[in-house]
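Next comes protein30.pdb, with PDB, C-alpha atoms.
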```pdb
ATOM      1  CA  MET X   1       0.000   0.000   0.000  1.00  0.00           C
ATOM      2  CA  PRO X   2       1.369   3.436  -0.810  1.00  0.00           C
ATOM      3  CA  GLU X   3       2.615   5.163   2.353  1.00  0.00           C
ATOM      4  CA  ASP X   4       0.327   8.179   1.850  1.00  0.00           C
ATOM      5  CA  LEU X   5      -2.739   5.877   1.973  1.00  0.00           C
ATOM      6  CA  SER X   6      -1.824   4.205   5.256  1.00  0.00           C
ATOM      7  CA  ALA X   7      -3.207   5.931   8.350  1.00  0.00           C
ATOM      8  CA  ARG X   8      -0.474   5.692  10.958  1.00  0.00           C
ATOM      9  CA  VAL X   9      -2.044   8.231  13.327  1.00  0.00           C
ATOM     10  CA  PRO X  10      -5.653   9.346  14.000  1.00  0.00           C
ATOM     11  CA  ALA X  11      -7.238  11.806  11.574  1.00  0.00           C
ATOM     12  CA  GLU X  12      -7.188  14.620  14.142  1.00  0.00           C
ATOM     13  CA  GLN X  13      -3.417  14.320  14.519  1.00  0.00           C
ATOM     14  CA  ARG X  14      -3.054  14.603  10.742  1.00  0.00           C
ATOM     15  CA  GLY X  15      -5.011  17.881  10.728  1.00  0.00           C
ATOM     16  CA  ALA X  16      -8.217  16.302   9.422  1.00  0.00           C
ATOM     17  CA  GLY X  17     -11.594  15.896  11.073  1.00  0.00           C
ATOM     18  CA  ARG X  18     -13.346  12.618  11.852  1.00  0.00           C
ATOM     19  CA  ASP X  19     -15.788  13.308   9.001  1.00  0.00           C
ATOM     20  CA  ASP X  20     -12.847  13.409   6.569  1.00  0.00           C
ATOM     21  CA  VAL X  21     -11.857   9.777   7.222  1.00  0.00           C
ATOM     22  CA  ARG X  22     -11.939   7.626   4.081  1.00  0.00           C
ATOM     23  CA  LEU X  23     -14.871   5.307   3.521  1.00  0.00           C
ATOM     24  CA  LEU X  24     -14.971   2.300   1.178  1.00  0.00           C
ATOM     25  CA  VAL X  25     -18.429   1.624  -0.283  1.00  0.00           C
ATOM     26  CA  SER X  26     -19.053  -1.729  -1.968  1.00  0.00           C
ATOM     27  CA  ARG X  27     -22.155  -2.532  -4.021  1.00  0.00           C
ATOM     28  CA  GLY X  28     -21.636  -5.979  -5.483  1.00  0.00           C
ATOM     29  CA  ARG X  29     -18.540  -5.679  -7.657  1.00  0.00           C
ATOM     30  CA  ALA X  30     -18.696  -1.877  -7.749  1.00  0.00           C
ATOM     31  CA  VAL X  31     -16.420  -0.159  -5.250  1.00  0.00           C
ATOM     32  CA  SER X  32     -16.225   3.566  -4.601  1.00  0.00           C
ATOM     33  CA  HIS X  33     -14.221   5.734  -2.245  1.00  0.00           C
ATOM     34  CA  ARG X  34     -16.004   8.356  -0.179  1.00  0.00           C
ATOM     35  CA  ALA X  35     -15.526  10.427   2.962  1.00  0.00           C
ATOM     36  CA  PHE X  36     -17.190   9.337   6.198  1.00  0.00           C
ATOM     37  CA  ARG X  37     -19.397  12.445   6.151  1.00  0.00           C
ATOM     38  CA  GLU X  38     -21.083  10.967   3.047  1.00  0.00           C
ATOM     39  CA  LEU X  39     -22.173   7.803   4.882  1.00  0.00           C
ATOM     40  CA  PRO X  40     -25.847   8.786   5.456  1.00  0.00           C
ATOM     41  CA  GLY X  41     -26.345   9.320   1.725  1.00  0.00           C
ATOM     42  CA  GLU X  42     -24.779   5.943   0.897  1.00  0.00           C
ATOM     43  CA  LEU X  43     -26.905   3.757   3.187  1.00  0.00           C
ATOM     44  CA  ARG X  44     -29.930   1.934   1.793  1.00  0.00           C
ATOM     45  CA  ALA X  45     -32.528  -0.288   3.442  1.00  0.00           C
ATOM     46  CA  GLY X  46     -31.025  -3.745   3.961  1.00  0.00           C
ATOM     47  CA  ASP X  47     -27.387  -2.582   3.815  1.00  0.00           C
ATOM     48  CA  VAL X  48     -24.841  -4.065   6.195  1.00  0.00           C
ATOM     49  CA  LEU X  49     -22.555  -1.627   7.981  1.00  0.00           C
ATOM     50  CA  VAL X  50     -19.301  -3.070   9.346  1.00  0.00           C
ATOM     51  CA  VAL X  51     -17.549  -1.053  12.034  1.00  0.00           C
ATOM     52  CA  ASN X  52     -13.963  -2.032  12.758  1.00  0.00           C
ATOM     53  CA  THR X  53     -12.985  -1.032  16.285  1.00  0.00           C
ATOM     54  CA  SER X  54      -9.871  -3.189  16.444  1.00  0.00           C
ATOM     55  CA  ILE X  55      -6.506  -1.692  17.148  1.00  0.00           C
ATOM     56  CA  THR X  56      -3.386  -3.054  15.499  1.00  0.00           C
ATOM     57  CA  LEU X  57      -0.213  -3.437  17.502  1.00  0.00           C
ATOM     58  CA  PRO X  58       2.940  -1.681  16.360  1.00  0.00           C
ATOM     59  CA  ALA X  59       4.132  -5.057  15.093  1.00  0.00           C
ATOM     60  CA  ALA X  60       4.175  -6.271  11.524  1.00  0.00           C
ATOM     61  CA  VAL X  61       5.938  -8.887   9.459  1.00  0.00           C
ATOM     62  CA  ASN X  62       6.506  -9.167   5.745  1.00  0.00           C
ATOM     63  CA  GLY X  63       5.105 -12.183   3.954  1.00  0.00           C
ATOM     64  CA  ARG X  64       3.773 -13.556   0.699  1.00  0.00           C
ATOM     65  CA  VAL X  65       0.344 -14.807  -0.330  1.00  0.00           C
ATOM     66  CA  GLY X  66       0.258 -16.588  -3.663  1.00  0.00           C
ATOM     67  CA  GLY X  67       3.478 -14.903  -4.726  1.00  0.00           C
ATOM     68  CA  GLU X  68       2.213 -11.411  -3.827  1.00  0.00           C
ATOM     69  CA  ARG X  69       4.002  -9.431  -1.123  1.00  0.00           C
ATOM     70  CA  VAL X  70       1.915  -8.573   1.941  1.00  0.00           C
ATOM     71  CA  VAL X  71       2.515  -7.027   5.337  1.00  0.00           C
ATOM     72  CA  VAL X  72       0.812  -8.785   8.251  1.00  0.00           C
ATOM     73  CA  HIS X  73      -0.325  -6.457  11.073  1.00  0.00           C
ATOM     74  CA  PHE X  74      -1.226  -8.132  14.369  1.00  0.00           C
ATOM     75  CA  SER X  75      -4.373  -7.017  16.188  1.00  0.00           C
ATOM     76  CA  THR X  76      -5.520  -9.210  19.083  1.00  0.00           C
ATOM     77  CA  ARG X  77      -4.758 -12.658  20.418  1.00  0.00           C
ATOM     78  CA  GLY X  78      -7.770 -14.879  21.090  1.00  0.00           C
ATOM     79  CA  ALA X  79      -8.297 -17.117  24.089  1.00  0.00           C
ATOM     80  CA  ASP X  80      -7.332 -20.079  21.890  1.00  0.00           C
ATOM     81  CA  GLY X  81      -3.951 -18.484  21.091  1.00  0.00           C
ATOM     82  CA  ARG X  82      -4.791 -17.550  17.492  1.00  0.00           C
ATOM     83  CA  TRP X  83      -4.237 -13.972  16.314  1.00  0.00           C
ATOM     84  CA  ALA X  84      -6.588 -11.653  14.436  1.00  0.00           C
ATOM     85  CA  VAL X  85      -4.457 -10.065  11.720  1.00  0.00           C
ATOM     86  CA  GLU X  86      -4.814  -7.613   8.869  1.00  0.00           C
ATOM     87  CA  LEU X  87      -3.073  -8.231   5.557  1.00  0.00           C
ATOM     88  CA  ARG X  88      -1.969  -5.136   3.690  1.00  0.00           C
TER      89      ARG X  88
END
```

Can the structure in the file be given as structure tokens, please?
Amino acid sequence: MPEDLSARVPAEQRGAGRDDVRLLVSRGRAVSHRAFRELPGELRAGDVLVVNTSITLPAAVNGRVGGERVVVHFSTRGADGRWAVELR
């Protein structure tokens, strides 16, 4: 992911407001990029809204998935010892 697209600090610390946070809208195969302030106009009856409240640790490892380079960011460790991770 290009460095300028990765949020390393909260929006307020970057000089932006919470309403300026990026929003990914998916309708089937169509994907569009919006600002969070546009959310009310994007919601339709029957839509599913996913809110991610997880926090990633300042720990990441480089890896590969199917030959593609990825960075694995660790979030939380479950009671069973498995980790929730985010691939970037």

Could you tell me, as a short mmCIF file (atom, residue, chain, number, x, y, z; two decimals) with C-alpha atoms, in the coordinates of the input, which residues have any atom at most 9 Å from (-17.7, 2.5, 1.0), counting only C-alpha atoms?
```cif
data_model
loop_
_atom_site.label_atom_id
_atom_site.label_comp_id
_atom_site.auth_asym_id
_atom_site.auth_seq_id
_atom_site.Cartn_x
_atom_site.Cartn_y
_atom_site.Cartn_z
CA ARG X 22 -11.94 7.63 4.08
CA LEU X 23 -14.87 5.31 3.52
CA LEU X 24 -14.97 2.30 1.18
CA VAL X 25 -18.43 1.62 -0.28
CA SER X 26 -19.05 -1.73 -1.97
CA ARG X 27 -22.16 -2.53 -4.02
CA VAL X 31 -16.42 -0.16 -5.25
CA SER X 32 -16.23 3.57 -4.60
CA HIS X 33 -14.22 5.73 -2.24
CA ARG X 34 -16.00 8.36 -0.18
CA ALA X 35 -15.53 10.43 2.96
CA PHE X 36 -17.19 9.34 6.20
CA LEU X 39 -22.17 7.80 4.88
CA GLU X 42 -24.78 5.94 0.90
#
```

List the spatial neighbours of Leu87 of chain X as a short mmCIF file (atom, residue, chain, number, x, y, z; two decimals) with C-alpha atoms, in the frame of the given file - criterion: any atom at most 10 Å away, all atoms listed in the file, same-chain residues fewer than 4 positions off excluded.
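File written: result20.cif
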```
data_model
loop_
_atom_site.label_atom_id
_atom_site.label_comp_id
_atom_site.auth_asym_id
_atom_site.auth_seq_id
_atom_site.Cartn_x
_atom_site.Cartn_y
_atom_site.Cartn_z
CA ALA X 60 4.18 -6.27 11.52
CA VAL X 61 5.94 -8.89 9.46
CA ASN X 62 6.51 -9.17 5.74
CA GLY X 63 5.11 -12.18 3.95
CA ARG X 64 3.77 -13.56 0.70
CA VAL X 65 0.34 -14.81 -0.33
CA ARG X 69 4.00 -9.43 -1.12
CA VAL X 70 1.92 -8.57 1.94
CA VAL X 71 2.52 -7.03 5.34
CA VAL X 72 0.81 -8.78 8.25
CA HIS X 73 -0.32 -6.46 11.07
CA PHE X 74 -1.23 -8.13 14.37
#
```

Query raised in the report: In Å, with one decimal, what is the gap from atom CA of Ala30 of chain X to atom CA of Arg88 of chain X?
Result: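 About the pair atom CA of Ala30 of chain X and atom CA of Arg88 of chain X: they are 20.5 Å apart.
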
Query raised in the report: Which is closest to Asn52 of chain X among X:Glu86, X:Glu68, X:Glu38, X:Asp19, if we use only C-alpha atoms?
Result: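 With only C-alpha atoms as the atom set, the closest residue is X:Glu86.
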
Query - Separation of atom CA of Ser54 of chain X from atom CA of Val85 of chain X, in Å and rounded to one decimal - result: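 One can read the atom CA of Ser54 of chain X to atom CA of Val85 of chain X distance as 9.9 Å.
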
Query raised in the report: So, counting all atoms listed in the file, which residue among X:Ala79, X:Asp47, X:Gly67, X:Ala59 is closest to Gly28 of chain X?
Result: X:Asp47

Report task. Provide the atom CA of Thr53 of chain X to atom CA of Ser75 of chain X distance in Å, to one decimal place. Result ->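 Calculated distance between atom CA of Thr53 of chain X and atom CA of Ser75 of chain X is 10.5 Å.
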
Query raised in the report: With all atoms listed in the file as the basis for distance, which of X:Arg29, X:Arg14, X:Arg77, X:Val21 is at the shortest distance from Leu57 of chain X?
Result: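 Once distances to Leu57 of chain X are computed over all atoms listed in the file, the minimum belongs to X:Arg77.
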
Save segment 56-73 of chain X from what I just supplied, as an mmCIF file, in the first residue's frame, atoms limited to N, CA and C atoms.
```cif
data_model
loop_
_atom_site.group_PDB
_atom_site.id
_atom_site.type_symbol
_atom_site.label_atom_id
_atom_site.label_comp_id
_atom_site.auth_asym_id
_atom_site.auth_seq_id
_atom_site.Cartn_x
_atom_site.Cartn_y
_atom_site.Cartn_z
ATOM 1 N N THR X 56 -4.534 -2.219 15.837
ATOM 2 C CA THR X 56 -3.386 -3.054 15.499
ATOM 3 C C THR X 56 -2.215 -2.672 16.386
ATOM 4 N N LEU X 57 -1.410 -3.658 16.707
ATOM 5 C CA LEU X 57 -0.213 -3.437 17.502
ATOM 6 C C LEU X 57 0.874 -2.865 16.602
ATOM 7 N N PRO X 58 1.829 -2.174 17.188
ATOM 8 C CA PRO X 58 2.940 -1.681 16.360
ATOM 9 C C PRO X 58 3.894 -2.826 16.038
ATOM 10 N N ALA X 59 3.342 -3.888 15.456
ATOM 11 C CA ALA X 59 4.132 -5.057 15.093
ATOM 12 C C ALA X 59 3.639 -5.566 13.753
ATOM 13 N N ALA X 60 4.548 -5.781 12.845
ATOM 14 C CA ALA X 60 4.175 -6.271 11.524
ATOM 15 C C ALA X 60 5.308 -7.118 10.981
ATOM 16 N N VAL X 61 4.941 -8.057 10.126
ATOM 17 C CA VAL X 61 5.938 -8.887 9.459
ATOM 18 C C VAL X 61 5.629 -8.916 7.967
ATOM 19 N N ASN X 62 6.666 -9.043 7.187
ATOM 20 C CA ASN X 62 6.506 -9.167 5.745
ATOM 21 C C ASN X 62 6.222 -10.616 5.398
ATOM 22 N N GLY X 63 5.419 -10.826 4.373
ATOM 23 C CA GLY X 63 5.105 -12.183 3.954
ATOM 24 C C GLY X 63 4.695 -12.213 2.501
ATOM 25 N N ARG X 64 4.245 -13.373 2.069
ATOM 26 C CA ARG X 64 3.773 -13.556 0.699
ATOM 27 C C ARG X 64 2.516 -14.403 0.720
ATOM 28 N N VAL X 65 1.562 -14.026 -0.132
ATOM 29 C CA VAL X 65 0.344 -14.807 -0.330
ATOM 30 C C VAL X 65 0.225 -15.037 -1.821
ATOM 31 N N GLY X 66 0.346 -16.276 -2.239
ATOM 32 C CA GLY X 66 0.258 -16.588 -3.663
ATOM 33 C C GLY X 66 1.266 -15.835 -4.503
ATOM 34 N N GLY X 67 2.442 -15.612 -3.979
ATOM 35 C CA GLY X 67 3.478 -14.903 -4.726
ATOM 36 C C GLY X 67 3.432 -13.394 -4.588
ATOM 37 N N GLU X 68 2.344 -12.861 -4.023
ATOM 38 C CA GLU X 68 2.213 -11.411 -3.827
ATOM 39 C C GLU X 68 2.769 -11.023 -2.466
ATOM 40 N N ARG X 69 3.476 -9.915 -2.391
ATOM 41 C CA ARG X 69 4.002 -9.431 -1.123
ATOM 42 C C ARG X 69 2.879 -8.839 -0.283
ATOM 43 N N VAL X 70 2.877 -9.140 1.001
ATOM 44 C CA VAL X 70 1.915 -8.573 1.941
ATOM 45 C C VAL X 70 2.643 -8.214 3.221
ATOM 46 N N VAL X 71 2.040 -7.332 3.998
ATOM 47 C CA VAL X 71 2.515 -7.027 5.337
ATOM 48 C C VAL X 71 1.413 -7.477 6.288
ATOM 49 N N VAL X 72 1.773 -8.264 7.288
ATOM 50 C CA VAL X 72 0.812 -8.785 8.251
ATOM 51 C C VAL X 72 0.885 -7.931 9.513
ATOM 52 N N HIS X 73 -0.235 -7.266 9.858
ATOM 53 C CA HIS X 73 -0.325 -6.457 11.073
ATOM 54 C C HIS X 73 -1.123 -7.242 12.108
#
```
